[in-house]
$ cat query.txt   # compact mmCIF, C-alpha atoms
# COMPACT_ATOMS: atom_id res chain seq x y z
CA MET A 7 2.25 -52.12 -26.97
CA PHE A 8 2.20 -55.91 -26.78
CA ARG A 9 -0.37 -57.18 -29.31
CA LEU A 10 -2.08 -60.06 -27.56
CA PHE A 11 -4.91 -60.42 -30.04
CA ALA A 12 -4.39 -59.98 -33.74
CA ASN A 13 -8.11 -60.57 -34.33
CA SER A 14 -9.62 -58.24 -31.77
CA SER A 15 -12.96 -56.75 -32.76
CA LYS A 16 -11.57 -53.31 -33.51
CA GLY A 17 -8.52 -54.74 -35.20
CA ALA A 18 -10.70 -56.87 -37.46
CA ALA A 19 -13.23 -54.15 -38.08
CA LEU A 20 -10.54 -51.74 -39.18
CA ARG A 21 -8.49 -54.28 -41.09
CA THR A 22 -7.88 -51.80 -43.88
CA ALA A 23 -6.44 -49.25 -41.48
CA PRO A 24 -2.70 -48.71 -41.22
CA LYS A 25 -1.11 -50.37 -38.20
CA SER A 26 -0.19 -47.01 -36.72
CA GLN A 27 -3.77 -45.80 -36.73
CA GLN A 28 -5.03 -45.14 -33.24
CA VAL A 29 -8.66 -46.11 -32.60
CA ARG A 30 -10.83 -44.13 -30.21
CA ASN A 31 -9.55 -45.15 -26.82
CA LEU A 32 -8.32 -42.31 -24.64
CA SER A 33 -4.56 -42.15 -24.23
CA ILE A 34 -2.87 -39.70 -21.88
CA HIS A 35 0.60 -38.21 -21.60
CA GLU A 36 3.37 -39.91 -19.64
CA TYR A 37 3.45 -37.28 -16.91
CA MET A 38 -0.31 -37.73 -16.38
CA SER A 39 0.16 -41.50 -16.14
CA ALA A 40 2.91 -40.95 -13.58
CA ASN A 41 0.54 -38.84 -11.49
CA LEU A 42 -2.13 -41.57 -11.57
CA LEU A 43 0.43 -44.17 -10.52
CA SER A 44 1.71 -41.99 -7.69
CA GLU A 45 -1.82 -41.34 -6.43
CA ALA A 46 -2.35 -45.12 -6.33
CA GLY A 47 0.71 -45.56 -4.10
CA ILE A 48 2.91 -46.93 -6.89
CA LYS A 49 6.51 -45.73 -6.97
CA VAL A 50 7.61 -43.52 -9.87
CA PRO A 51 10.61 -41.20 -10.31
CA LYS A 52 10.06 -37.62 -9.10
CA GLY A 53 9.35 -35.23 -11.93
CA SER A 54 7.66 -32.06 -13.16
CA VAL A 55 6.09 -31.05 -16.45
CA ALA A 56 7.06 -27.86 -18.27
CA THR A 57 5.44 -25.94 -21.11
CA THR A 58 8.27 -23.43 -21.68
CA PRO A 59 12.08 -23.61 -21.61
CA GLU A 60 12.12 -21.42 -18.48
CA GLU A 61 9.67 -23.75 -16.73
CA ALA A 62 11.95 -26.66 -17.69
CA TYR A 63 14.87 -24.83 -16.08
CA GLN A 64 12.92 -24.25 -12.87
CA ALA A 65 11.64 -27.85 -12.80
CA ALA A 66 15.16 -29.24 -13.11
CA LYS A 67 16.40 -26.85 -10.44
CA LYS A 68 13.59 -27.84 -8.07
CA LEU A 69 14.43 -31.55 -8.32
CA GLY A 70 17.80 -30.77 -6.74
CA THR A 71 19.90 -33.35 -8.55
CA SER A 72 22.32 -33.34 -11.46
CA ASP A 73 21.07 -36.75 -12.68
CA LEU A 74 18.05 -35.92 -14.81
CA VAL A 75 16.13 -36.98 -17.90
CA ILE A 76 14.07 -34.74 -20.19
CA LYS A 77 11.25 -36.40 -22.15
CA ALA A 78 9.17 -34.94 -24.95
CA GLN A 79 5.48 -35.36 -24.18
CA VAL A 80 3.73 -36.61 -27.31
CA LEU A 81 1.24 -39.44 -27.73
CA ALA A 82 3.46 -41.63 -29.89
CA GLY A 83 5.98 -44.37 -29.29
CA GLY A 84 9.59 -44.39 -30.39
CA ARG A 85 10.41 -40.95 -28.97
CA GLY A 86 13.96 -41.95 -28.07
CA LYS A 87 14.82 -42.65 -31.70
CA GLY A 88 12.76 -39.83 -33.15
CA HIS A 89 13.94 -36.47 -34.48
CA PHE A 90 12.58 -32.92 -34.34
CA ASP A 91 12.15 -30.36 -37.08
CA SER A 92 14.50 -28.22 -34.97
CA GLY A 93 17.31 -30.63 -35.86
CA LEU A 94 17.43 -32.28 -32.44
CA LYS A 95 17.75 -36.06 -32.52
CA GLY A 96 15.98 -38.02 -29.81
CA GLY A 97 12.97 -37.12 -27.69
CA VAL A 98 14.38 -38.63 -24.48
CA LYS A 99 17.68 -37.16 -23.28
CA THR A 100 19.90 -37.52 -20.23
CA ILE A 101 20.80 -34.11 -18.80
CA PHE A 102 22.98 -32.89 -15.94
CA SER A 103 21.91 -29.32 -15.23
CA PRO A 104 18.94 -26.93 -15.33
CA GLU A 105 20.70 -25.07 -18.16
CA GLU A 106 20.72 -28.21 -20.28
CA ALA A 107 17.02 -28.69 -19.50
CA ARG A 108 16.26 -25.18 -20.77
CA ASP A 109 18.38 -25.62 -23.90
CA LEU A 110 16.84 -28.94 -24.90
CA ALA A 111 13.31 -27.81 -24.01
CA ASN A 112 13.81 -24.92 -26.43
CA LYS A 113 14.49 -27.47 -29.19
CA MET A 114 11.52 -29.66 -28.24
CA ILE A 115 8.63 -27.42 -27.20
CA GLY A 116 6.77 -25.98 -30.16
CA HIS A 117 8.52 -28.31 -32.59
CA LYS A 118 7.33 -31.44 -34.35
CA ILE A 119 8.82 -34.82 -33.56
CA PHE A 120 8.89 -37.61 -36.12
CA THR A 121 8.90 -41.25 -35.04
CA LYS A 122 7.87 -44.59 -36.50
CA GLN A 123 4.39 -44.05 -35.08
CA THR A 124 3.76 -40.41 -35.97
CA GLY A 125 4.00 -40.83 -39.72
CA ALA A 126 5.31 -38.19 -42.10
CA HIS A 127 3.24 -35.40 -40.51
CA GLY A 128 4.87 -35.79 -37.09
CA LYS A 129 3.37 -34.57 -33.82
CA GLU A 130 3.91 -31.25 -32.13
CA CYS A 131 5.53 -31.33 -28.71
CA ASN A 132 3.89 -28.83 -26.37
CA LYS A 133 5.34 -30.08 -23.08
CA VAL A 134 8.39 -31.79 -21.64
CA PHE A 135 8.69 -33.97 -18.56
CA ILE A 136 11.76 -33.46 -16.36
CA VAL A 137 12.41 -36.46 -14.08
CA GLU A 138 15.14 -37.66 -11.79
CA ARG A 139 17.38 -40.29 -13.31
CA LYS A 140 17.37 -43.67 -11.57
CA TYR A 141 20.12 -46.28 -11.83
CA VAL A 142 18.63 -49.71 -12.36
CA ARG A 143 19.78 -53.24 -11.69
CA ARG A 144 17.21 -54.96 -13.88
CA GLU A 145 14.43 -54.00 -16.27
CA TYR A 146 11.11 -55.80 -16.66
CA TYR A 147 7.95 -55.51 -18.72
CA PHE A 148 4.48 -55.49 -17.16
CA ALA A 149 1.07 -54.91 -18.72
CA ILE A 150 -2.59 -55.52 -18.00
CA LEU A 151 -5.06 -55.62 -20.88
CA MET A 152 -8.35 -57.22 -21.81
CA ASP A 153 -8.25 -60.76 -23.20
CA ARG A 154 -11.08 -61.62 -25.55
CA ALA A 155 -10.21 -65.32 -25.37
CA THR A 156 -10.65 -65.57 -21.58
CA GLN A 157 -13.20 -62.74 -21.48
CA GLY A 158 -11.37 -60.87 -18.78
CA PRO A 159 -8.14 -59.11 -17.85
CA VAL A 160 -4.78 -60.74 -18.47
CA VAL A 161 -1.39 -59.82 -17.08
CA VAL A 162 1.46 -59.97 -19.58
CA ALA A 163 4.95 -59.75 -18.13
CA SER A 164 8.57 -60.45 -18.99
CA SER A 165 12.00 -60.33 -17.38
CA GLN A 166 13.18 -58.67 -20.60
CA GLY A 167 11.94 -55.11 -20.29
CA GLY A 168 13.05 -51.76 -21.59
CA VAL A 169 12.97 -53.05 -25.18
CA ASP A 170 10.36 -53.66 -27.88
CA ILE A 171 8.21 -56.35 -26.26
CA GLU A 172 6.81 -57.52 -29.59
CA THR A 173 10.34 -58.36 -30.71
CA VAL A 174 10.87 -60.32 -27.48
CA ALA A 175 7.60 -62.19 -28.06
CA ALA A 176 8.62 -63.07 -31.62
CA GLU A 177 12.21 -64.08 -30.90
CA ASN A 178 11.84 -65.62 -27.45
CA PRO A 179 8.19 -66.41 -26.68
CA ASP A 180 9.17 -68.34 -23.53
CA ALA A 181 10.26 -65.01 -22.03
CA ILE A 182 6.62 -63.86 -21.98
CA VAL A 183 4.51 -64.76 -18.96
CA LYS A 184 0.71 -64.54 -19.26
CA LEU A 185 -1.55 -64.66 -16.23
CA PRO A 186 -5.35 -64.56 -16.83
CA VAL A 187 -7.23 -62.90 -13.98
CA ASP A 188 -10.72 -63.80 -12.80
CA ILE A 189 -12.38 -60.39 -12.85
CA LYS A 190 -14.70 -61.40 -10.00
CA LYS A 191 -11.83 -62.44 -7.71
CA GLY A 192 -9.15 -59.99 -8.84
CA LEU A 193 -5.40 -60.41 -8.68
CA SER A 194 -4.53 -62.00 -5.34
CA LEU A 195 -1.31 -61.30 -3.47
CA GLU A 196 -0.39 -64.98 -3.81
CA SER A 197 -0.76 -64.84 -7.60
CA ALA A 198 1.24 -61.62 -7.70
CA GLN A 199 4.01 -63.21 -5.61
CA GLY A 200 4.06 -66.19 -7.96
CA LEU A 201 4.42 -63.84 -10.92
CA ALA A 202 7.26 -62.01 -9.16
CA ASP A 203 9.00 -65.37 -8.67
CA LYS A 204 8.66 -66.23 -12.36
CA LEU A 205 10.19 -62.87 -13.33
CA GLY A 206 13.16 -63.38 -11.01
CA PHE A 207 12.48 -60.92 -8.19
CA VAL A 208 14.08 -61.97 -4.89
CA GLY A 209 14.20 -60.70 -1.31
CA ASN A 210 12.47 -57.46 -0.45
CA ALA A 211 12.12 -56.65 -4.15
CA ARG A 212 9.88 -59.73 -4.54
CA GLU A 213 7.38 -58.43 -1.99
CA GLU A 214 7.51 -54.91 -3.38
CA ALA A 215 6.99 -56.17 -6.93
CA ALA A 216 3.97 -58.24 -5.87
CA ASP A 217 2.49 -55.25 -4.05
CA THR A 218 3.04 -53.11 -7.17
CA PHE A 219 1.29 -55.70 -9.36
CA VAL A 220 -1.76 -55.76 -7.08
CA LYS A 221 -1.94 -51.95 -6.98
CA LEU A 222 -1.66 -51.74 -10.76
CA TYR A 223 -4.52 -54.20 -11.16
CA LYS A 224 -6.71 -52.23 -8.73
CA LEU A 225 -5.92 -49.05 -10.67
CA PHE A 226 -6.78 -50.83 -13.95
CA LEU A 227 -10.26 -51.64 -12.64
CA ALA A 228 -10.86 -48.39 -10.79
CA LYS A 229 -10.15 -46.24 -13.85
CA ASP A 230 -11.90 -48.43 -16.47
CA ALA A 231 -8.61 -48.88 -18.28
CA THR A 232 -8.29 -50.94 -21.44
CA GLN A 233 -4.56 -51.26 -20.88
CA ILE A 234 -1.82 -50.35 -18.46
CA GLU A 235 1.64 -50.92 -19.85
CA ILE A 236 4.79 -50.37 -17.79
CA ASN A 237 7.98 -50.56 -19.84
CA PRO A 238 10.29 -50.64 -18.11
CA LEU A 239 9.33 -51.70 -14.64
CA VAL A 240 12.65 -51.69 -12.79
CA GLU A 241 14.49 -52.75 -9.71
CA THR A 242 16.78 -49.85 -8.81
CA SER A 243 20.29 -50.07 -7.42
CA ASP A 244 18.83 -49.67 -3.91
CA HIS A 245 16.29 -52.48 -4.60
CA GLN A 246 13.19 -50.33 -5.04
CA VAL A 247 10.59 -51.42 -7.60
CA MET A 248 9.55 -48.47 -9.77
CA CYS A 249 7.51 -47.73 -12.88
CA MET A 250 9.81 -45.77 -15.17
CA ASP A 251 7.45 -45.28 -18.11
CA ALA A 252 3.71 -45.88 -18.38
CA ASN A 253 1.24 -46.17 -21.22
CA PHE A 254 -2.45 -46.01 -20.29
CA GLY A 255 -5.53 -46.56 -22.41
CA PHE A 256 -9.10 -45.98 -21.21
CA ASP A 257 -12.49 -47.16 -22.42
CA ASP A 258 -14.33 -44.27 -24.05
CA ASN A 259 -17.63 -45.85 -22.98
CA ALA A 260 -16.67 -45.08 -19.38
CA SER A 261 -16.23 -41.35 -19.93
CA PHE A 262 -19.47 -40.58 -18.08
CA ARG A 263 -18.06 -42.00 -14.83
CA GLN A 264 -14.37 -41.22 -15.33
CA LYS A 265 -14.66 -37.48 -15.79
CA ASP A 266 -11.38 -36.82 -13.96
CA VAL A 267 -9.52 -39.14 -16.31
CA PHE A 268 -11.16 -37.87 -19.49
CA SER A 269 -10.45 -34.28 -18.49
CA LEU A 270 -6.80 -35.19 -19.15
CA ARG A 271 -7.45 -35.63 -22.87
CA ASP A 272 -5.16 -33.63 -25.17
CA PRO A 273 -6.96 -32.99 -28.49
CA THR A 274 -3.82 -31.37 -29.94
CA GLN A 275 -2.28 -34.85 -30.11
CA GLU A 276 -5.22 -36.31 -32.05
CA ASP A 277 -6.18 -36.24 -35.71
CA PRO A 278 -8.11 -32.93 -36.01
CA ARG A 279 -10.54 -34.63 -38.39
CA GLU A 280 -11.43 -37.18 -35.73
CA VAL A 281 -11.84 -34.44 -33.14
CA GLN A 282 -14.19 -32.55 -35.46
CA ALA A 283 -16.13 -35.73 -36.26
CA GLU A 284 -16.70 -36.40 -32.58
CA LYS A 285 -18.20 -32.93 -32.15
CA TRP A 286 -20.85 -33.88 -34.71
CA ASN A 287 -21.37 -37.42 -33.37
CA LEU A 288 -19.80 -38.99 -36.45
CA ASN A 289 -17.61 -42.08 -36.39
CA TYR A 290 -14.53 -41.18 -38.43
CA ILE A 291 -11.08 -42.69 -38.76
CA GLY A 292 -8.61 -41.38 -41.32
CA LEU A 293 -6.82 -43.92 -43.52
CA ASP A 294 -4.15 -43.71 -46.21
CA GLY A 295 -6.17 -44.10 -49.42
CA ARG A 296 -7.63 -41.67 -51.97
CA ILE A 297 -11.34 -42.55 -51.97
CA GLY A 298 -13.49 -40.84 -49.38
CA CYS A 299 -16.38 -42.88 -47.95
CA LEU A 300 -19.62 -41.74 -46.35
CA VAL A 301 -21.84 -44.58 -45.16
CA ASN A 302 -24.51 -45.26 -42.54
CA GLY A 303 -23.79 -48.24 -40.32
CA ALA A 304 -20.42 -49.75 -39.36
CA GLY A 305 -21.07 -53.05 -41.13
CA LEU A 306 -22.06 -51.37 -44.38
CA ALA A 307 -19.08 -49.04 -44.04
CA MET A 308 -16.71 -52.01 -43.73
CA SER A 309 -18.20 -53.82 -46.71
CA THR A 310 -18.01 -50.58 -48.72
CA MET A 311 -14.32 -50.26 -47.90
CA ASP A 312 -13.76 -53.90 -48.80
CA ILE A 313 -15.43 -53.62 -52.19
CA ILE A 314 -13.41 -50.49 -52.98
CA LYS A 315 -10.26 -52.49 -52.28
CA LEU A 316 -11.62 -55.37 -54.37
CA HIS A 317 -11.75 -53.04 -57.36
CA GLY A 318 -8.17 -51.86 -56.79
CA GLY A 319 -8.84 -48.69 -54.81
CA GLU A 320 -7.88 -47.62 -51.30
CA PRO A 321 -10.34 -45.99 -48.90
CA ALA A 322 -9.28 -42.65 -47.44
CA ASN A 323 -11.42 -43.03 -44.34
CA PHE A 324 -13.93 -44.95 -42.32
CA LEU A 325 -16.97 -42.71 -41.82
CA ASP A 326 -20.21 -43.93 -40.31
CA VAL A 327 -22.85 -41.21 -40.00
CA GLY A 328 -25.16 -43.47 -38.03
CA GLY A 329 -28.86 -44.11 -38.49
CA SER A 330 -30.29 -40.72 -37.56
CA ALA A 331 -27.96 -38.14 -39.08
CA THR A 332 -29.33 -34.75 -40.08
CA ALA A 333 -28.60 -32.86 -43.29
CA GLN A 334 -26.22 -30.66 -41.26
CA GLN A 335 -24.30 -33.72 -40.04
CA ILE A 336 -24.00 -34.99 -43.62
CA CYS A 337 -22.65 -31.59 -44.65
CA GLU A 338 -20.11 -31.64 -41.80
CA ALA A 339 -19.08 -35.16 -42.79
CA PHE A 340 -18.24 -33.89 -46.27
CA LYS A 341 -16.23 -31.05 -44.78
CA ILE A 342 -14.13 -33.61 -42.94
CA ILE A 343 -13.67 -35.79 -46.03
CA SER A 344 -12.76 -32.84 -48.24
CA SER A 345 -10.23 -31.56 -45.68
CA ASP A 346 -8.02 -34.51 -46.67
CA ALA A 347 -5.95 -33.22 -49.59
CA GLY A 348 -5.25 -36.80 -50.67
CA VAL A 349 -8.90 -37.56 -51.50
CA SER A 350 -9.49 -37.70 -55.25
CA ALA A 351 -13.07 -39.09 -55.31
CA ALA A 352 -15.82 -39.97 -52.85
CA LEU A 353 -18.45 -42.68 -52.55
CA VAL A 354 -21.70 -42.24 -50.63
CA ASN A 355 -23.41 -45.54 -49.81
CA ILE A 356 -26.66 -45.19 -47.86
CA PHE A 357 -29.16 -47.88 -47.01
CA GLY A 358 -32.07 -46.00 -45.51
CA GLY A 359 -33.92 -47.67 -42.69
CA ILE A 360 -34.26 -45.13 -39.91
CA MET A 361 -32.05 -42.89 -42.03
CA ARG A 362 -34.05 -41.16 -44.79
CA CYS A 363 -32.49 -40.94 -48.23
CA ASP A 364 -34.00 -37.49 -48.87
CA VAL A 365 -32.25 -36.14 -45.76
CA VAL A 366 -28.95 -37.57 -47.00
CA ALA A 367 -29.53 -36.14 -50.45
CA GLN A 368 -30.18 -32.67 -49.04
CA GLY A 369 -27.03 -32.90 -46.94
CA ILE A 370 -25.01 -33.89 -50.01
CA ILE A 371 -26.43 -31.00 -52.04
CA ASP A 372 -25.76 -28.50 -49.24
CA ALA A 373 -22.21 -29.75 -48.82
CA VAL A 374 -21.34 -29.66 -52.53
CA LYS A 375 -22.66 -26.11 -52.84
CA GLU A 376 -21.07 -24.81 -49.63
CA LEU A 377 -17.68 -26.45 -50.22
CA ASP A 378 -17.64 -26.03 -53.99
CA LEU A 379 -16.61 -29.67 -54.08
CA LYS A 380 -14.27 -30.38 -57.00
CA ILE A 381 -13.78 -34.14 -56.64
CA PRO A 382 -16.13 -36.59 -58.43
CA LEU A 383 -18.90 -37.92 -56.21
CA VAL A 384 -20.59 -41.30 -56.68
CA VAL A 385 -23.86 -41.73 -54.77
CA ARG A 386 -25.77 -44.93 -54.06
CA LEU A 387 -29.06 -44.50 -52.22
CA GLN A 388 -31.40 -47.35 -51.24
CA GLY A 389 -34.27 -47.61 -48.77
CA THR A 390 -36.56 -45.10 -47.06
CA ASN A 391 -37.59 -42.16 -49.28
CA VAL A 392 -35.09 -43.21 -51.94
CA GLU A 393 -37.17 -41.77 -54.80
CA GLN A 394 -37.46 -38.41 -53.07
CA GLY A 395 -33.71 -38.45 -52.50
CA LYS A 396 -32.95 -39.22 -56.13
CA LYS A 397 -35.36 -36.49 -57.24
CA LEU A 398 -33.60 -33.91 -55.09
CA ILE A 399 -30.20 -34.87 -56.56
CA ASN A 400 -31.47 -34.92 -60.16
CA GLU A 401 -33.06 -31.47 -59.80
CA SER A 402 -30.07 -29.94 -58.00
CA GLY A 403 -28.05 -29.33 -61.14
CA ILE A 404 -24.97 -30.74 -59.40
CA ALA A 405 -22.65 -33.14 -61.21
CA ILE A 406 -23.16 -36.27 -59.14
CA PHE A 407 -22.75 -39.82 -60.41
CA PRO A 408 -25.79 -41.84 -59.22
CA CYS A 409 -25.47 -45.63 -59.14
CA ASP A 410 -27.90 -48.17 -57.66
CA ASP A 411 -25.54 -51.17 -57.80
CA LEU A 412 -22.80 -51.15 -55.13
CA ASP A 413 -20.37 -53.22 -57.18
CA LYS A 414 -20.69 -50.86 -60.14
CA ALA A 415 -20.53 -47.84 -57.85
CA ALA A 416 -17.25 -49.05 -56.36
CA ASP A 417 -15.77 -49.78 -59.78
CA LEU A 418 -16.82 -46.32 -60.99
CA VAL A 419 -15.41 -44.41 -58.02
CA VAL A 420 -12.06 -46.19 -58.33
CA LYS A 421 -11.81 -45.25 -62.01
CA LEU A 422 -12.84 -41.64 -61.33
CA SER A 423 -10.32 -41.45 -58.53
CA ASP A 424 -7.54 -42.66 -60.82
CA ILE A 425 -8.46 -40.05 -63.45
CA THR A 426 -8.61 -37.22 -60.91
CA ALA A 427 -5.37 -38.26 -59.23
CA LEU A 428 -3.57 -38.38 -62.58
CA ALA A 429 -4.89 -34.91 -63.46
CA GLN A 430 -3.78 -33.56 -60.07
CA LYS A 431 -0.35 -35.08 -60.56
CA VAL A 432 0.26 -33.18 -63.82
CA GLY A 433 -1.33 -29.99 -62.50
CA VAL A 434 -4.52 -30.17 -64.56
CA HIS A 435 -8.01 -29.57 -63.15
CA ALA A 436 -10.36 -32.30 -64.37
CA SER A 437 -14.10 -31.55 -64.36
CA LEU A 438 -16.00 -34.81 -64.83
CA SER A 439 -19.68 -35.16 -65.64
CA LEU A 440 -22.17 -37.69 -66.97
CA ALA A 441 -22.28 -38.13 -70.75
$ encode --input "query.txt" --output "structure tokens"
Amino acid sequence: MFRLFANSSKGAALRTAPKSQQVRNLSIHEYMSANLLSEAGIKVPKGSVATTPEEAYQAAKKLGTSDLVIKAQVLAGGRGKGHFDSGLKGGVKTIFSPEEARDLANKMIGHKIFTKQTGAHGKECNKVFIVERKYVRREYYFAILMDRATQGPVVVASSQGGVDIETVAAENPDAIVKLPVDIKKGLSLESAQGLADKLGFVGNAREEAADTFVKLYKLFLAKDATQIEINPLVETSDHQVMCMDANFGFDDNASFRQKDVFSLRDPTQEDPREVQAEKWNLNYIGLDGRIGCLVNGAGLAMSTMDIIKLHGGEPANFLDVGGSATAQQICEAFKIISSDAGVSAALVNIFGGIMRCDVVAQGIIDAVKELDLKIPLVVRLQGTNVEQGKKLINESGIAIFPCDDLDKAADLVVKLSDITALAQKVGVHASLSLA
């Protein structure tokens, strides 16, 4: 996806997150995006989705052509250059018969694909998309996303499509066309025609491209999208303008009025920890570090992560339990943190306003007992009912490291994490307690 804003609010807020980390905006599979485009009157290649090799065979047969493409359906980029644990290389393949569709589907469905965006764990492919192959004259790039600078939608387009658009932007920025859109007026046909001219469309293709741009913008608004990315948008050999591949993102805040869109969500493609967190109304994003964090309030969570990094550690997650979490929610939060095998210590940092420190303390105690937590736990409690919270922890008999000063707490958890990680590395179980 073209990164228009390096300092977007979510990008800045999660500045310690790896670049591949996906924040909570709904993404849907390619075949679902194709259906949305088709319903909006936008041309896409004919295709069918399959969940078994036999279904892939029947889908290819139904299309009635020997020019076909089979595409692994996973929510990650770089499929074409990825590889499967079945040994198959490439998640997008040209095929020429239903038999080939069945054979390749057998090597894709039920297997994990590894790409630049999936990380070392890969993502399981549960479906394939069989589409007719189109022969193209030219490839373009087209996207609509929200522009914080102009406080509205912006169209980003290029005559150099079908490739990594960020590379194009870096190497040839003049090839990128940006068109801010007044959200009150929308994208006019005249503006769309002007954009088509800049991209090099001529003749009937110019009018068809402009019509496609207007329809894409209307779809962007109608579905509360945060982005629509078409790469490539093509002019075919018979001068049709078609969307060959689509990447949609939707605003989670609109889920209450976009129930049809959000019903398309595929939790199997998401981090199971994030799925579990959402069930308990917790804000969780997994990171790459070794120090688990449990905090109330996004701002405090960010500063906690920053101070951990300041002391040489790396946070394993962003976890905001909010201002009204129950003891059960605290316990579930610890289950999520402890499910990460890479976590070697955890820091709890609570500033109780609406949140009561005694409720947090009880949740911590319940979690440690239920999970038989083995990693060292540093706890900083301040605010409402702090003394009651500290009393509960002190009388629990659980080895917890209390610390009132955040700077000292961060320094301590980093050191404890290093000790635990070293012990784990040599196969020794380290049980740490206060002297």
$ closest_residue --input "query.txt" --among "A:Val134, A:Ala216, A:Met308, A:Val142" --to "A:Asp244" --atoms "only C-alpha atoms"
A:Val142
$ residues_around --input "query.txt" --residues "stretch 378-388 of chain A" --least-positions-apart "3" --cutoff "7 Å" --atoms "only C-alpha atoms" --output "PyMOL selection string"
chain A and resi 350-358+363+374-375+392+406-410+412+415+419+422+438
$ residues_around --input "query.txt" --residues "A:Leu195" --least-positions-apart "5" --cutoff "12 Å" --atoms "all atoms listed in the file" --output "JSON, numbers by chain"
{"A": [200, 201, 202, 212, 213, 214, 215, 216, 217, 218, 219, 220, 221, 223, 224]}
$ residues_around --input "query.txt" --residues "A:Gly53" --least-positions-apart "3" --cutoff "9 Å" --atoms "all atoms listed in the file" --output "list in words"
Tyr37, Ala40, Val50, Ala65, Ala66, Leu69, Phe135, Ile136, Val137 and Glu138 of chain A
$ residues_around --input "query.txt" --residues "A:Gly158" --least-positions-apart "3" --cutoff "10 Å" --atoms "all atoms listed in the file" --output "count of residues only"
10
$ atom_distance --input "query.txt" --atom1 "atom CA of A:Ile371" --atom2 "atom CA of A:Asp346"
19.5 Å
$ residues_around --input "query.txt" --residues "stretch 274-276 of chain A" --least-positions-apart "6" --cutoff "7 Å" --atoms "only C-alpha atoms" --output "list in words"
Val80, Leu81 and Lys129 of chain A
$ atom_distance --input "query.txt" --atom1 "atom CA of A:Lys191" --atom2 "atom CA of A:Ile150"
15.5 Å
$ atom_distance --input "query.txt" --atom1 "atom CA of A:Arg296" --atom2 "atom CA of A:Glu320"
6.0 Å
$ closest_residue --input "query.txt" --among "A:Ile336, A:Ala107, A:Leu300, A:Leu316" --to "A:Lys414" --atoms "all atoms listed in the file"
A:Leu316
$ axis_aligned_box --input "query.txt" --around "stretch 142-157 of chain A" --padding-each-side "4 Å" --output "AutoDock Vina command-line options"
--center_x 3.3 --center_y -57.6 --center_z -18.6 --size_x 41.0 --size_y 23.9 --size_z 21.9
$ residues_near_point --input "query.txt" --point "(11.5, -66.4, -22.0)" --cutoff "12 Å" --atoms "only C-alpha atoms" --output "number ranges by chain"
A: 146-147, 163-167, 171, 173-184, 204-206
$ closest_residue --input "query.txt" --among "A:Gln394, A:His89, A:Pro59, A:Leu225" --to "A:Asp109" --atoms "only C-alpha atoms"
A:Pro59
$ closest_residue --input "query.txt" --among "A:Ala231, A:Val162, A:Cys337, A:Leu325" --to "A:Ala149" --atoms "all atoms listed in the file"
A:Val162
